[in-house]
Amino acid sequence: MKILLIEDDPNKEAQLSNFIKDKIIDSEVYIRKSYQSGLKFLMEEGCDLVILDMSLPTYDISSNENGYKFRKLGGLDILGEIKRKRLGYNVLIVTQFETFGDESSMINLNQLKLKLYKDYPDNYKGTVYYNASQSAWKGNLLELINKIN
Amino acid sequence: MKKPIKGRSYRRIIERAVEGHKDSKYLKPATLIWWIKNKFNPVQFSRALANVPLDIFESTHKHLLPRRIKDIGKSPYASSTNIYAEITWAYYVFLIYQDELNQYIVLKNGIEKAICLNDFKLAVNLLDELETVVGYSLWSLEKRFYIYSIDKNPVRNNWIIKELLENKNRLALIIGYYTKAKFDAALSHSRYEEDVINIINRHKDKSIRRFLAYKLLFFKNTEVTNYHDNIALDGDNSLIDYYETFVNMLQLYSISIIDKQDEKLKLVETNFQFIVEKIRDNRLKNILRFNSDDYSQIELSQIDADIIANYLSDSYADCITLLKRAILAKPLCFEYYTLIVHCAIKSHENITGNYLGRNLCSEILFDVYKTQKDTLDPETLFVKAPKKSYTLGITELSIGYYNYFLNEFPQEEILDKWNYLRLLNQDNPLLDFLTTVKNISNFSFTNTAITNTIRSVLVAGDNKPIETHNTALLDFGSKSILLIKRLYKQKLYRECIDLIDIFVKQQQSSLNHFPDILIIKKNILVSQKEFIAASELIVEAILEKPNLKFKLFDERVISKLLEFSDYEIEQSISTPILLHMMDQKLDSLWIPFDNFLSCHGLNYPSEVLALRDTVSYEKLCYFMQFVCVKDVFYSSWRFSNQDELDAERIKVLLQLEELDSNNRGIYKEERAIVERDIQIRQALSHIDSKIYVDTKSIQKILNDKLLESLDRYIELKNREPSLNELLKKIEATVVYIKPKEEGEGDALDFEYEKMSKYDDHRYKLFKQMFFLIRDEFISSNDHGIDSYLSMRVRHGTLLGQIRSIFDKHNFITKKDDLTGAYLPNEFWSKKLSTDSNRKRLQNIFSTFSKNVDTLSDDLRKNRLQIKTDENKSPALFDFSFKDEELYTLYESSFFEISNVSDFFSKIFEILWVKTEEILALVREYINVTVVGQLSEQIRILDTSIETLIDNNGNELKEFHSEIAACSTDMSVEFGKIANWFKRVSNKKIEPFDIKLPIDLSLEILKRRNPGYLNVNVSIVIIDHVEIDGDYLPQFTDLIRNLIENIIDHSELDPINLRVDITASLSNNRLNLKIVSNFSPAKDISLLNKEINDTSQTLRLATDEKKRTAKEGKTGYLKIKKILRHDFHCGNDYDINIHKVDEQRIFTTEITFNASHILYSK
């Protein structure tokens, strides 16, 4: 299974990729760290499953690049592009946040899930709440991946 | 019609009234007037007049000509039941005061003309005369307020207000007071309206509320229906106010009955026609013409005739000359302004803000010109036009001016009223036909030659009959609109659009009616769901007249475009253009932009140029200029970083420079900004790196020292084989030499066993030189890595950077200066704590703060340190070399070296390789170990708080969110910190001007603290100076220290802080002058004492630590160091810290010998 993990937090990325490699036999995990590099991979190479972080820098951060605009909902931007370009990939969201949006339009994780199911029925397959200090995310993630696989 | 009062009865009433007036027992004056206004028909009224002694009426109205300000409003007030009663009464009053009113008309024109020409002295003289002859009025006070406000004479204004305050008529007082307020420059137009509405709403009486709205908010377009009430209410103020309101109300009433022929006839048949005969006011004549539909007797003055003739024969220059004269003679005639602008544009003449001298005429002319040239910001205009109109009062000019801007940004429902009002106020309505259009067949001119000329020009081609409207005053354009509207209402859309197309083709877009017609066409297209055609119509109209965007905005079109469901809509270039025009956020333009590109098989914005043959030139330019911008295409996956993004925009701008050469300057300017951004970003990557060694200086210092050793080194090499070679030879022969028995060894054996290759003289000499250079490379106070680590990493920067990550989420607090204990975390305490857990919560946050600081300190004090010996120090910058390693290097790289320069280069190369290895370890340590340790701390904080707070409320959810965000921020920020420990590429930095390090410093400060985004720094470069790129990091450090010092010590919010930097060069001495302001809260004497102490300390203290301690974190020591060592100034520099002056201005001047750092080609 070819999995693309788009995640800019090195710790979370390491945790997720190690876990997936460990649990999903024959999985190939590709890491991208920004909106642009993730989208580029999807446009040029493709995969069976995309695991998205919600907030991402626009570009890969390097010594010469500060990432440009930080996209608070960069994961949604990618999901939007997948739908618009009719790429047909399965998408999971792994987020550390429980609420989203500004104060006036704040929605919680469950509301977000419903919205995603409604807006992206062909691509969106579920959301996992990630917490570095807990392990519940592992079971949830595995369950969702197995459903897709 | 009132029921006639017959016979003696009316006489009795009058007689009783007169008697009553005499002894105050019967009818009071107000009641008398009421009776006359409301109970008599015109015939009875005439009889009554004949029967009442004139002195009775005069005494009733004695205050209509107030001799003092406080007498305004003393006349009796009598309401009326309809406008005809007021006309009848007005006729009587105007008859009595006919002379005064005619004098007023003359003086009014003179006063308003003088005001327009800024001849305030004349205006005041005329006002004096008016107030002497006719009396005071609210009208004359308004003019005085205006003059004194412009002429900055608050004393006079205050005197008027003081006089007004003695006035017992509350309405007069309110109107007077707010009339002054509208001239207050500090009071915005919207605030003025807000205040006035407040005061109006306090009145319970509806007719008074409406009257005040008319008097104070005339340009707010409040509906006026109580014409007679308003006239009556102003009837007690003064003759002038009564007359002015009478005229205004008659105008508005006439507009309201425009389609009611009977009412119009009735008005014409009243005494009004006699008033027109008695009072020489063109406005009255206009009202009569308007209601009788008779324009046959309009007279054209010679100058107007000449203007028309010149205009129609395209002699624009001559026309302008005449119009300038005409404006100066009749500055209230707004038509002259529009005509002169038309002529100027057609003859490519520029109009400036001083075109007719420094006066109001020029201001208005310039506004009109800017609107026609589309250089006037529409938003500003929305505020400015009504404000200026209020300021002018109700005049022919202000109504023309207001109507003009309404036509630019009109609201359909009120436009008709103002168009008519403008016509009714024009001194000569005929002129309007030149700038609108153009069917003059209903008019006859006294000069038949002109009539024929105009007809031949204007009527030609106009062979489509247009329905005649019931008012002949309407021009061709208005009539066309009426017909188009009628077709639209009857849903004859195809016919309507055909007519619109013919109209637009014939009349061109310069018409006032153009927007109305477009709106109708757009509405038809939208109703027919022809969204592409609608969006193209809107785009093309706005491209031609940008100000139309407000009028043509249509939510239905925008919503349809944003559905992204129609290929044809996506394919149209008008879609992204229209969304941009309608102020959609740039971010949201990405999808229509990308859809458009995809539909045309394009990948990059710069490829859009390929469509130049299929897309209109104007649309292509607009699309490339406003839609093909970074903020739109940064969502494309085809650009990997900002450099590629910028490069693409530059490519587009270069194309635009070729394509749209008229606006080349604009594109060049933007290109310069983008290129500057690239330059700053590239420079930042150099500056951001904290690793820097001034190898040039090291070589310079050690050169002499090493020269002797190196000579010997080379000599040794030439004279004898190296020990190693010798040893190798021995090794080769040793097999033949059997080892002796113990005690039998000879000298050779002994030497062989004891000596090693590392004892080679030449190697030893090399090692000695190598370490000398290494130590300088590492530890030199002025040029070494440690110095830069100290200055750029350990000294404050690192700790600040780390703390800022946790500060952002309010997880960390500072230590109390006195006790050393961590301050309470107020932020989370307010959200999470209860009385019972507050202490424990604070302990958790204090522990977290302490642990973060401990880890930071460990990184700073123990890890980011240098070590040169093999010891157990945890320092990461391990520059120790073992003999094996060094000898290999010596043998492989140095054996053949025979000159100093190569020797230095080689050693520096080795040291840089070592440095790179160390830096990789440091980065790993930061990214993995430090981030891991701090992540653990965040986890502990998270679980500790969760354990403490036993509910799962929103506050705890917010806390968890912040924890997650902080965790991500930490990874990102530590990634940046790790990048400090990357050596910048060897690519040489280009020579730079002084502005670059200033921009860089600000960029760095803004990145560190977004609050600094608002710091206002002005830069004046007196002499253009180019500095060697090698010095960019140090120069930036110098400037950053200065600005940081100012920010830290000024105690001002960035928004109130002002920093001016001036740079000049004289005889290779560069002078930097930095001027800034200080908070008013700061005690200047205390401040100057501190400055004095710092200066003294810097000058006198010899001990480095002492000086560091006493410089008070001003950064001056760092600056001195940069000047002395990095810029090689030695003592040839001067830092002059001036005392803060009385205006709280602080100045620092730095002058230094710049000969070493100036760039020479």
# chains A, B, ... in the order shown; residues from 1 in each chain; ligands from 1
>>> closest_atom_pairs(of="chain A", to="chain B", cutoff="10 Å", atoms="only C-alpha atoms", output="tab-separated table")
residue	atom	partner	partner_atom	distance
A:Glu7	CA	B:Thr968	CA	10.0
A:Asp8	CA	B:Val972	CA	7.7
A:Asp9	CA	B:Thr968	CA	5.5
A:Pro10	CA	B:Ser971	CA	6.5
A:Asn11	CA	B:Ser971	CA	7.6
A:Lys12	CA	B:Thr968	CA	8.7
A:Ser34	CA	B:Ser640	CA	9.8
A:Tyr35	CA	B:Trp637	CA	8.0
A:Gln36	CA	B:Trp637	CA	4.9
A:Ser37	CA	B:Trp637	CA	7.0
A:Gly38	CA	B:Trp637	CA	8.3
A:Leu39	CA	B:Trp637	CA	5.8
A:Lys40	CA	B:Trp637	CA	5.2
A:Phe41	CA	B:Trp637	CA	8.9
A:Leu42	CA	B:Trp637	CA	9.6
A:Met43	CA	B:Trp637	CA	8.2
A:Glu44	CA	B:Trp637	CA	10.0
A:Ser55	CA	B:Thr968	CA	9.0
A:Leu56	CA	B:Thr968	CA	9.6
A:Pro57	CA	B:Val972	CA	9.5
A:Thr58	CA	B:Ser635	CA	7.7
A:Tyr59	CA	B:Asn641	CA	5.7
A:Asp60	CA	B:Asn641	CA	7.5
A:Ile61	CA	B:Gly975	CA	8.2
A:Ser62	CA	B:Asn979	CA	7.5
A:Ser63	CA	B:Asn979	CA	5.5
A:Asn64	CA	B:Ser685	CA	5.4
A:Glu65	CA	B:Asn641	CA	6.7
A:Asn66	CA	B:Lys976	CA	8.1
A:Gly67	CA	B:Asn641	CA	7.5
A:Tyr68	CA	B:Gln642	CA	6.9
A:Lys69	CA	B:Tyr634	CA	9.0
A:Asp77	CA	B:Ser635	CA	8.7
A:Ile78	CA	B:Ser635	CA	9.6
A:Gly80	CA	B:Ile591	CA	9.9
A:Glu81	CA	B:Ile591	CA	8.9
A:Arg84	CA	B:Ile591	CA	8.8
A:Lys85	CA	B:Asn595	CA	9.7
A:Thr95	CA	B:Ala964	CA	8.8
A:Gln96	CA	B:Ala964	CA	5.4
A:Phe97	CA	B:Ser961	CA	5.1
A:Glu98	CA	B:Ser961	CA	6.2
A:Thr99	CA	B:Ser961	CA	7.0
A:Phe100	CA	B:Ser961	CA	9.1
A:Asn108	CA	B:Lys957	CA	9.6
A:Tyr130	CA	B:Ala964	CA	9.1
A:Asn131	CA	B:Ala964	CA	8.0
A:Ala132	CA	B:Arg939	CA	7.5
A:Ser133	CA	B:Arg939	CA	6.1
A:Gln134	CA	B:Arg939	CA	9.6
>>> residues_around(residues="Glu990 of chain B", least_positions_apart="6", cutoff="9 Å", atoms="only C-alpha atoms", output="PyMOL selection string")
chain B and resi 1027-1030
>>> write_last_selection(atoms="N, CA and C atoms", output="mmCIF file, in the first residue's frame")
data_model
loop_
_atom_site.group_PDB
_atom_site.id
_atom_site.type_symbol
_atom_site.label_atom_id
_atom_site.label_comp_id
_atom_site.auth_asym_id
_atom_site.auth_seq_id
_atom_site.Cartn_x
_atom_site.Cartn_y
_atom_site.Cartn_z
ATOM 1 N N ILE B 1027 28.409 48.814 -0.398
ATOM 2 C CA ILE B 1027 29.271 48.173 0.591
ATOM 3 C C ILE B 1027 29.545 46.738 0.162
ATOM 4 N N ASP B 1028 30.733 46.286 0.441
ATOM 5 C CA ASP B 1028 31.131 44.927 0.080
ATOM 6 C C ASP B 1028 30.187 43.915 0.743
ATOM 7 N N GLY B 1029 29.717 42.964 -0.067
ATOM 8 C CA GLY B 1029 28.737 41.993 0.418
ATOM 9 C C GLY B 1029 29.202 41.210 1.644
ATOM 10 N N ASP B 1030 30.503 41.043 1.809
ATOM 11 C CA ASP B 1030 31.026 40.286 2.953
ATOM 12 C C ASP B 1030 30.593 40.899 4.286
#
>>> atom_distance(atom1="atom CA of Ile519 of chain B", atom2="atom CA of Leu552 of chain B")
6.3 Å
>>> residues_around(residues="Lys872 of chain B", least_positions_apart="4", cutoff="12 Å", atoms="only C-alpha atoms", output="number ranges by chain")
B: 862-863, 867-868, 876, 878
>>> residues_around(residues="Phe877 of chain B", least_positions_apart="4", cutoff="9 Å", atoms="only C-alpha atoms", output="JSON, numbers by chain")
{"B": [863, 864, 865, 866, 867, 868, 915, 918, 919, 921, 922]}
>>> select_by_dssp(residues="segment 111-148 of chain A", states="strand (DSSP E)", output="MDAnalysis selection string")
chainID A and resid 124:129
>>> write_last_selection(atoms="N, CA and C atoms", output="PDB file, in the first residue's frame")
ATOM      1  N   TYR A 124     -12.893  11.592   1.485  1.00  0.00           N
ATOM      2  CA  TYR A 124     -12.648  11.611   2.925  1.00  0.00           C
ATOM      3  C   TYR A 124     -13.089  10.296   3.588  1.00  0.00           C
ATOM      4  N   LYS A 125     -12.153   9.704   4.328  1.00  0.00           N
ATOM      5  CA  LYS A 125     -12.459   8.408   4.943  1.00  0.00           C
ATOM      6  C   LYS A 125     -12.427   8.458   6.478  1.00  0.00           C
ATOM      7  N   GLY A 126     -12.034   9.537   7.048  1.00  0.00           N
ATOM      8  CA  GLY A 126     -12.088   9.602   8.512  1.00  0.00           C
ATOM      9  C   GLY A 126     -11.010  10.498   9.103  1.00  0.00           C
ATOM     10  N   THR A 127     -11.189  10.783  10.391  1.00  0.00           N
ATOM     11  CA  THR A 127     -10.241  11.647  11.105  1.00  0.00           C
ATOM     12  C   THR A 127      -9.779  10.932  12.373  1.00  0.00           C
ATOM     13  N   VAL A 128      -8.499  11.077  12.658  1.00  0.00           N
ATOM     14  CA  VAL A 128      -7.950  10.496  13.881  1.00  0.00           C
ATOM     15  C   VAL A 128      -7.434  11.635  14.743  1.00  0.00           C
ATOM     16  N   TYR A 129      -7.835  11.613  15.990  1.00  0.00           N
ATOM     17  CA  TYR A 129      -7.301  12.620  16.916  1.00  0.00           C
ATOM     18  C   TYR A 129      -5.978  12.111  17.484  1.00  0.00           C
TER      19      TYR A 129
END
>>> residues_around(residues="segment 166-173 of chain B", least_positions_apart="2", cutoff="10 Å", atoms="only C-alpha atoms", output="number ranges by chain")
B: 68-75, 137-138, 161-164, 175-179, 208, 211-212, 233-234, 236-237
>>> write_last_selection(atoms="N, CA and C atoms", output="PDB file, in the first residue's frame")
ATOM      1  N   ARG B  68     -29.862  91.334  15.241  1.00  0.00           N
ATOM      2  CA  ARG B  68     -28.857  90.685  16.089  1.00  0.00           C
ATOM      3  C   ARG B  68     -29.005  89.171  15.911  1.00  0.00           C
ATOM      4  N   ILE B  69     -27.896  88.485  16.203  1.00  0.00           N
ATOM      5  CA  ILE B  69     -27.942  87.020  16.048  1.00  0.00           C
ATOM      6  C   ILE B  69     -28.999  86.432  16.974  1.00  0.00           C
ATOM      7  N   LYS B  70     -29.084  87.002  18.158  1.00  0.00           N
ATOM      8  CA  LYS B  70     -30.036  86.433  19.102  1.00  0.00           C
ATOM      9  C   LYS B  70     -31.496  86.706  18.737  1.00  0.00           C
ATOM     10  N   ASP B  71     -31.699  87.554  17.704  1.00  0.00           N
ATOM     11  CA  ASP B  71     -33.073  87.810  17.280  1.00  0.00           C
ATOM     12  C   ASP B  71     -33.559  86.825  16.215  1.00  0.00           C
ATOM     13  N   ILE B  72     -32.646  86.000  15.743  1.00  0.00           N
ATOM     14  CA  ILE B  72     -33.063  85.014  14.733  1.00  0.00           C
ATOM     15  C   ILE B  72     -34.087  84.077  15.381  1.00  0.00           C
ATOM     16  N   GLY B  73     -35.210  83.855  14.699  1.00  0.00           N
ATOM     17  CA  GLY B  73     -36.205  82.925  15.235  1.00  0.00           C
ATOM     18  C   GLY B  73     -37.216  83.572  16.169  1.00  0.00           C
ATOM     19  N   LYS B  74     -37.280  84.912  16.181  1.00  0.00           N
ATOM     20  CA  LYS B  74     -38.222  85.565  17.098  1.00  0.00           C
ATOM     21  C   LYS B  74     -39.596  85.814  16.477  1.00  0.00           C
ATOM     22  N   SER B  75     -39.668  85.587  15.159  1.00  0.00           N
ATOM     23  CA  SER B  75     -40.960  85.835  14.511  1.00  0.00           C
ATOM     24  C   SER B  75     -41.987  84.794  14.935  1.00  0.00           C
ATOM     25  N   SER B 137     -29.236  85.900   9.465  1.00  0.00           N
ATOM     26  CA  SER B 137     -29.992  84.679   9.134  1.00  0.00           C
ATOM     27  C   SER B 137     -29.106  83.476   9.420  1.00  0.00           C
ATOM     28  N   LEU B 138     -29.750  82.327   9.547  1.00  0.00           N
ATOM     29  CA  LEU B 138     -28.941  81.109   9.710  1.00  0.00           C
ATOM     30  C   LEU B 138     -28.099  80.877   8.460  1.00  0.00           C
ATOM     31  N   ILE B 161     -21.184  81.609  18.127  1.00  0.00           N
ATOM     32  CA  ILE B 161     -21.822  80.582  18.957  1.00  0.00           C
ATOM     33  C   ILE B 161     -22.292  81.190  20.282  1.00  0.00           C
ATOM     34  N   LYS B 162     -21.445  82.078  20.826  1.00  0.00           N
ATOM     35  CA  LYS B 162     -21.804  82.730  22.095  1.00  0.00           C
ATOM     36  C   LYS B 162     -23.099  83.540  21.933  1.00  0.00           C
ATOM     37  N   GLU B 163     -23.176  84.245  20.830  1.00  0.00           N
ATOM     38  CA  GLU B 163     -24.383  85.023  20.554  1.00  0.00           C
ATOM     39  C   GLU B 163     -25.600  84.111  20.383  1.00  0.00           C
ATOM     40  N   LEU B 164     -25.347  83.000  19.663  1.00  0.00           N
ATOM     41  CA  LEU B 164     -26.444  82.053  19.422  1.00  0.00           C
ATOM     42  C   LEU B 164     -26.982  81.473  20.728  1.00  0.00           C
ATOM     43  N   ILE B 175     -29.717  74.380  15.007  1.00  0.00           N
ATOM     44  CA  ILE B 175     -29.284  74.464  13.606  1.00  0.00           C
ATOM     45  C   ILE B 175     -27.974  75.242  13.504  1.00  0.00           C
ATOM     46  N   GLY B 176     -27.908  76.356  14.230  1.00  0.00           N
ATOM     47  CA  GLY B 176     -26.677  77.162  14.208  1.00  0.00           C
ATOM     48  C   GLY B 176     -25.494  76.371  14.705  1.00  0.00           C
ATOM     49  N   TYR B 177     -25.696  75.684  15.812  1.00  0.00           N
ATOM     50  CA  TYR B 177     -24.598  74.956  16.425  1.00  0.00           C
ATOM     51  C   TYR B 177     -24.062  73.863  15.497  1.00  0.00           C
ATOM     52  N   TYR B 178     -24.999  73.094  14.925  1.00  0.00           N
ATOM     53  CA  TYR B 178     -24.548  71.986  14.067  1.00  0.00           C
ATOM     54  C   TYR B 178     -24.094  72.459  12.691  1.00  0.00           C
ATOM     55  N   THR B 179     -24.539  73.646  12.321  1.00  0.00           N
ATOM     56  CA  THR B 179     -24.016  74.213  11.079  1.00  0.00           C
ATOM     57  C   THR B 179     -22.523  74.478  11.244  1.00  0.00           C
ATOM     58  N   ILE B 208     -40.898  68.507  13.355  1.00  0.00           N
ATOM     59  CA  ILE B 208     -39.632  69.139  13.745  1.00  0.00           C
ATOM     60  C   ILE B 208     -38.467  68.225  13.378  1.00  0.00           C
ATOM     61  N   PHE B 211     -37.943  68.651   9.792  1.00  0.00           N
ATOM     62  CA  PHE B 211     -37.373  69.965   9.482  1.00  0.00           C
ATOM     63  C   PHE B 211     -35.873  69.989   9.763  1.00  0.00           C
ATOM     64  N   LEU B 212     -35.491  69.436  10.923  1.00  0.00           N
ATOM     65  CA  LEU B 212     -34.061  69.414  11.267  1.00  0.00           C
ATOM     66  C   LEU B 212     -33.275  68.553  10.273  1.00  0.00           C
ATOM     67  N   LEU B 233     -41.814  76.380   9.297  1.00  0.00           N
ATOM     68  CA  LEU B 233     -40.876  76.349  10.427  1.00  0.00           C
ATOM     69  C   LEU B 233     -39.695  77.290  10.226  1.00  0.00           C
ATOM     70  N   ASP B 234     -39.305  77.481   8.980  1.00  0.00           N
ATOM     71  CA  ASP B 234     -38.215  78.442   8.758  1.00  0.00           C
ATOM     72  C   ASP B 234     -38.758  79.860   8.669  1.00  0.00           C
ATOM     73  N   ASP B 236     -40.152  81.564  10.850  1.00  0.00           N
ATOM     74  CA  ASP B 236     -39.943  82.424  12.022  1.00  0.00           C
ATOM     75  C   ASP B 236     -38.467  82.764  12.224  1.00  0.00           C
ATOM     76  N   ASN B 237     -37.568  82.191  11.457  1.00  0.00           N
ATOM     77  CA  ASN B 237     -36.146  82.461  11.669  1.00  0.00           C
ATOM     78  C   ASN B 237     -35.701  83.790  11.088  1.00  0.00           C
TER      79      ASN B 237
END
>>> atom_distance(atom1="atom CA of Asp554 of chain B", atom2="atom CA of Asp498 of chain B")
22.0 Å
>>> closest_residue(among="A:Lys33, A:Asp26, A:Val50, A:Tyr120", to="Ala14 of chain A", atoms="only C-alpha atoms")
A:Lys33
>>> select_by_dssp(residues="chain A", states="helix (DSSP H, G or I)", output="ChimeraX atom specification")
/A:10-23,35-44,74-84,109-119,136-148
>>> atom_distance(atom1="atom CA of Val629 of chain B", atom2="atom CA of Glu1003 of chain B")
21.8 Å
>>> residues_around(residues="Ile650 of chain B", least_positions_apart="4", cutoff="7 Å", atoms="only C-alpha atoms", output="list in words")
Asp646, Leu654 and Arg671 of chain B
